[in-house]
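Working notes for the structure below.
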Amino acid sequence: VYYGRGVYFSRFAAYSVRYSDQLDLSCVFLCRVLVGHHQPGVNDMRVPPMKTLTDGKSVQADSTTDPKTDFTIAVTYHDDQNYPEYIIG
């Protein structure tokens, strides 16, 4: 829950594999993820924060990410934001 209370995705499979138990057969889901407007997340966040767009309008972000410019972790909060495309075993 480091970047919020949602479903975590990484751009890199090697990062995700570190969280498997590696004692038995492990699988990785290759997913398409709709990140949309995103903001850096914080611990225990339950919904994404508001984001100010370049035209001055405020909208609720669709997801949260790690604070890096080219984020490596995305956190989604709705089931319809991701589509599991392949299972890699």
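If you're wondering about the labels, chains in the structure tokens are A, B, ... by order shown, residues count from 1 in each chain, ligands from 1 in order shown.
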All residues 8 Å or closer to Ala61 (chain A), only C-alpha atoms, same chain fewer than 3 positions away omitted, as a compact mmCIF listing (two decimals) with all heavy atoms, in the first residue's frame:
# COMPACT_ATOMS: atom_id res chain seq x y z
N GLY A 36 -4.28 6.59 -17.62
CA GLY A 36 -4.97 7.88 -17.72
C GLY A 36 -4.21 9.00 -17.05
O GLY A 36 -2.98 9.01 -17.02
N HIS A 37 -4.94 9.96 -16.48
CA HIS A 37 -4.30 11.02 -15.70
C HIS A 37 -3.80 10.39 -14.40
O HIS A 37 -4.54 9.69 -13.72
CB HIS A 37 -5.30 12.13 -15.35
CG HIS A 37 -5.80 12.88 -16.53
ND1 HIS A 37 -4.99 13.70 -17.27
CD2 HIS A 37 -7.02 12.95 -17.09
CE1 HIS A 37 -5.69 14.24 -18.25
NE2 HIS A 37 -6.93 13.79 -18.16
N HIS A 38 -2.55 10.63 -14.08
CA HIS A 38 -2.00 10.02 -12.87
C HIS A 38 -1.28 11.05 -12.02
O HIS A 38 -0.84 12.08 -12.51
CB HIS A 38 -1.06 8.86 -13.22
CG HIS A 38 0.05 9.26 -14.15
ND1 HIS A 38 1.23 9.77 -13.71
CD2 HIS A 38 0.13 9.22 -15.50
CE1 HIS A 38 2.01 10.03 -14.74
NE2 HIS A 38 1.36 9.72 -15.85
N GLN A 39 -1.20 10.75 -10.75
CA GLN A 39 -0.51 11.57 -9.76
C GLN A 39 0.32 10.63 -8.89
O GLN A 39 -0.04 9.47 -8.72
CB GLN A 39 -1.50 12.30 -8.87
CG GLN A 39 -2.24 13.43 -9.54
CD GLN A 39 -1.35 14.63 -9.72
OE1 GLN A 39 -0.62 14.72 -10.69
NE2 GLN A 39 -1.39 15.55 -8.78
N PRO A 48 -7.59 8.16 -6.03
CA PRO A 48 -6.54 9.04 -6.56
C PRO A 48 -6.85 10.51 -6.23
O PRO A 48 -8.02 10.89 -6.12
CB PRO A 48 -6.62 8.81 -8.07
CG PRO A 48 -7.35 7.54 -8.25
CD PRO A 48 -8.26 7.41 -7.08
N PRO A 49 -5.82 11.33 -6.09
CA PRO A 49 -6.03 12.74 -5.77
C PRO A 49 -6.49 13.55 -6.98
O PRO A 49 -6.51 13.04 -8.10
CB PRO A 49 -4.65 13.19 -5.31
CG PRO A 49 -3.72 12.32 -6.09
CD PRO A 49 -4.42 10.99 -6.19
N MET A 50 -6.83 14.80 -6.74
CA MET A 50 -7.17 15.71 -7.83
C MET A 50 -5.90 16.12 -8.56
O MET A 50 -4.82 16.16 -7.98
CB MET A 50 -7.89 16.94 -7.29
CG MET A 50 -9.22 16.64 -6.61
SD MET A 50 -10.42 15.86 -7.71
CE MET A 50 -10.90 17.25 -8.70
N LYS A 51 -6.05 16.44 -9.84
CA LYS A 51 -4.92 16.87 -10.67
C LYS A 51 -5.34 18.13 -11.41
O LYS A 51 -6.44 18.20 -11.96
CB LYS A 51 -4.55 15.78 -11.66
CG LYS A 51 -3.45 16.17 -12.59
CD LYS A 51 -3.03 15.05 -13.50
CE LYS A 51 -1.87 15.52 -14.35
NZ LYS A 51 -1.08 14.42 -14.85
N THR A 64 -2.61 6.25 -9.52
CA THR A 64 -1.44 6.81 -8.85
C THR A 64 -0.21 6.04 -9.31
O THR A 64 -0.31 4.93 -9.83
CB THR A 64 -1.56 6.75 -7.32
OG1 THR A 64 -1.81 5.41 -6.92
CG2 THR A 64 -2.69 7.64 -6.83
TODO: With a distance cut-off of 9 Å and only C-alpha atoms, select the neighbouring residues of Val7 (chain A), excluding the residue or stretch itself and same-chain residues fewer than 2 positions from it, and output the selection as a ChimeraX atom specification.
DONE: /A:4-5,9,74-79
Export N, CA, C and O atoms of the chosen residues as a tab-separated table (two decimals), in the first residue's frame?
chain	number	residue	atom	x	y	z
A	4	GLY	N	-0.81	3.66	-2.52
A	4	GLY	CA	-2.26	3.69	-2.46
A	4	GLY	C	-2.84	2.29	-2.33
A	4	GLY	O	-2.15	1.29	-2.58
A	5	ARG	N	-4.11	2.22	-1.96
A	5	ARG	CA	-4.80	0.93	-1.77
A	5	ARG	C	-5.52	0.56	-3.06
A	5	ARG	O	-6.71	0.79	-3.20
A	9	PHE	N	0.69	-2.47	-10.65
A	9	PHE	CA	1.25	-2.99	-11.90
A	9	PHE	C	2.63	-2.39	-12.08
A	9	PHE	O	2.88	-1.26	-11.67
A	74	ALA	N	2.35	1.56	-11.45
A	74	ALA	CA	1.05	2.23	-11.56
A	74	ALA	C	0.06	1.50	-10.67
A	74	ALA	O	0.09	0.27	-10.57
A	75	VAL	N	-0.79	2.25	-10.01
A	75	VAL	CA	-1.81	1.69	-9.12
A	75	VAL	C	-3.18	2.11	-9.65
A	75	VAL	O	-3.43	3.30	-9.82
A	76	THR	N	-4.03	1.13	-9.92
A	76	THR	CA	-5.38	1.43	-10.40
A	76	THR	C	-6.39	1.16	-9.29
A	76	THR	O	-6.13	0.38	-8.37
A	77	TYR	N	-7.54	1.79	-9.40
A	77	TYR	CA	-8.54	1.72	-8.35
A	77	TYR	C	-9.88	1.16	-8.83
A	77	TYR	O	-10.82	1.05	-8.05
A	78	HIS	N	-9.98	0.85	-10.11
A	78	HIS	CA	-11.21	0.31	-10.68
A	78	HIS	C	-10.89	-0.92	-11.53
A	78	HIS	O	-9.89	-0.94	-12.25
A	79	ASP	N	-11.75	-1.94	-11.46
A	79	ASP	CA	-11.51	-3.18	-12.20
A	79	ASP	C	-11.45	-2.98	-13.70
A	79	ASP	O	-10.79	-3.73	-14.40
Open item on the list: My list of candidates is A:Tyr19, A:Tyr2, A:Phe12, A:Tyr83. Which is closest to Asp66 (chain A) when distances are computed with only C-alpha atoms?
Closed with: A:Tyr2
Open item on the list: When you look at Leu34 (chain A) with a cut-off of 9 Å (counting only C-alpha atoms), what residues show up, excluding the ones that are within fewer than 5 positions of it in the same chain? I need them as a ChimeraX atom specification.
Closed with: /A:62-63,76,80-83
TODO: Taking the chain letters and numbering used in this document, name the residues of chain A that DSSP puts in strand (DSSP E or B), as a VMD selection string.
DONE: chain A and resid 7 to 10 28 to 33 38 to 40 50 to 52 58 to 60 63 to 65 73 to 76 82 to 88
Can I get the selection written as an mmCIF file, in the first residue's frame, with C-alpha atoms?
data_model
loop_
_atom_site.group_PDB
_atom_site.id
_atom_site.type_symbol
_atom_site.label_atom_id
_atom_site.label_comp_id
_atom_site.auth_asym_id
_atom_site.auth_seq_id
_atom_site.Cartn_x
_atom_site.Cartn_y
_atom_site.Cartn_z
ATOM 1 C CA VAL A 7 -4.037 -2.976 -7.729
ATOM 2 C CA TYR A 8 -0.325 -2.581 -8.467
ATOM 3 C CA PHE A 9 1.245 -2.989 -11.900
ATOM 4 C CA SER A 10 4.877 -2.666 -12.976
ATOM 5 C CA VAL A 28 2.922 -13.510 -14.305
ATOM 6 C CA PHE A 29 -0.048 -11.777 -15.898
ATOM 7 C CA LEU A 30 0.788 -9.559 -18.854
ATOM 8 C CA CYS A 31 -1.883 -6.860 -18.682
ATOM 9 C CA ARG A 32 -2.963 -3.805 -20.559
ATOM 10 C CA VAL A 33 -3.454 -1.014 -18.033
ATOM 11 C CA HIS A 38 -1.996 10.018 -12.870
ATOM 12 C CA GLN A 39 -0.510 11.566 -9.763
ATOM 13 C CA PRO A 40 2.148 10.263 -7.360
ATOM 14 C CA MET A 50 -7.175 15.706 -7.834
ATOM 15 C CA LYS A 51 -4.922 16.874 -10.665
ATOM 16 C CA THR A 52 -4.744 20.341 -12.193
ATOM 17 C CA SER A 58 -9.090 20.208 -11.861
ATOM 18 C CA VAL A 59 -9.990 16.572 -12.466
ATOM 19 C CA GLN A 60 -9.702 13.469 -10.342
ATOM 20 C CA SER A 63 -4.478 6.253 -11.034
ATOM 21 C CA THR A 64 -1.440 6.815 -8.855
ATOM 22 C CA THR A 65 2.214 6.063 -9.584
ATOM 23 C CA ILE A 73 4.685 1.368 -10.875
ATOM 24 C CA ALA A 74 1.054 2.229 -11.564
ATOM 25 C CA VAL A 75 -1.810 1.690 -9.118
ATOM 26 C CA THR A 76 -5.383 1.427 -10.403
ATOM 27 C CA ASN A 82 -6.847 -3.300 -16.590
ATOM 28 C CA TYR A 83 -7.184 -6.209 -18.968
ATOM 29 C CA PRO A 84 -5.194 -9.413 -18.349
ATOM 30 C CA GLU A 85 -3.995 -10.386 -21.804
ATOM 31 C CA TYR A 86 -1.588 -13.298 -21.225
ATOM 32 C CA ILE A 87 -0.512 -15.630 -18.426
ATOM 33 C CA ILE A 88 3.208 -16.380 -18.516
#
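When only C-alpha atoms are used to compute distances to Thr72 (chain A), the closest of the residues A:Arg18, A:Arg46, A:Arg11, A:Lys57 turns out to be A:Arg11.
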Task: Straight-line distance linking CA of Val42 (chain A) with CA of Val1 (chain A), stated in Å to one decimal - done: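 Separation between CA of Val42 (chain A) and CA of Val1 (chain A): 8.2 Å.
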- [ ] Between CA of Gly41 (chain A) and CA of Thr54 (chain A), measure the distance and give it in Å to one decimal.
- [x]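 CA of Thr54 (chain A) lies at a distance of 20.0 Å from CA of Gly41 (chain A).
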Open item on the list: Using Å and a single decimal, report how far CA of Asn43 (chain A) sits from CA of Tyr3 (chain A).
Closed with: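 Spanning CA of Tyr3 (chain A) to CA of Asn43 (chain A) is a straight-line distance of 5.3 Å.
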Open item on the list: Run DSSP on the backbone and tell me which residues of region 1-72 of chain A come out as helix (DSSP H, G or I); list them as a ChimeraX atom specification.
Closed with: /A:13-17
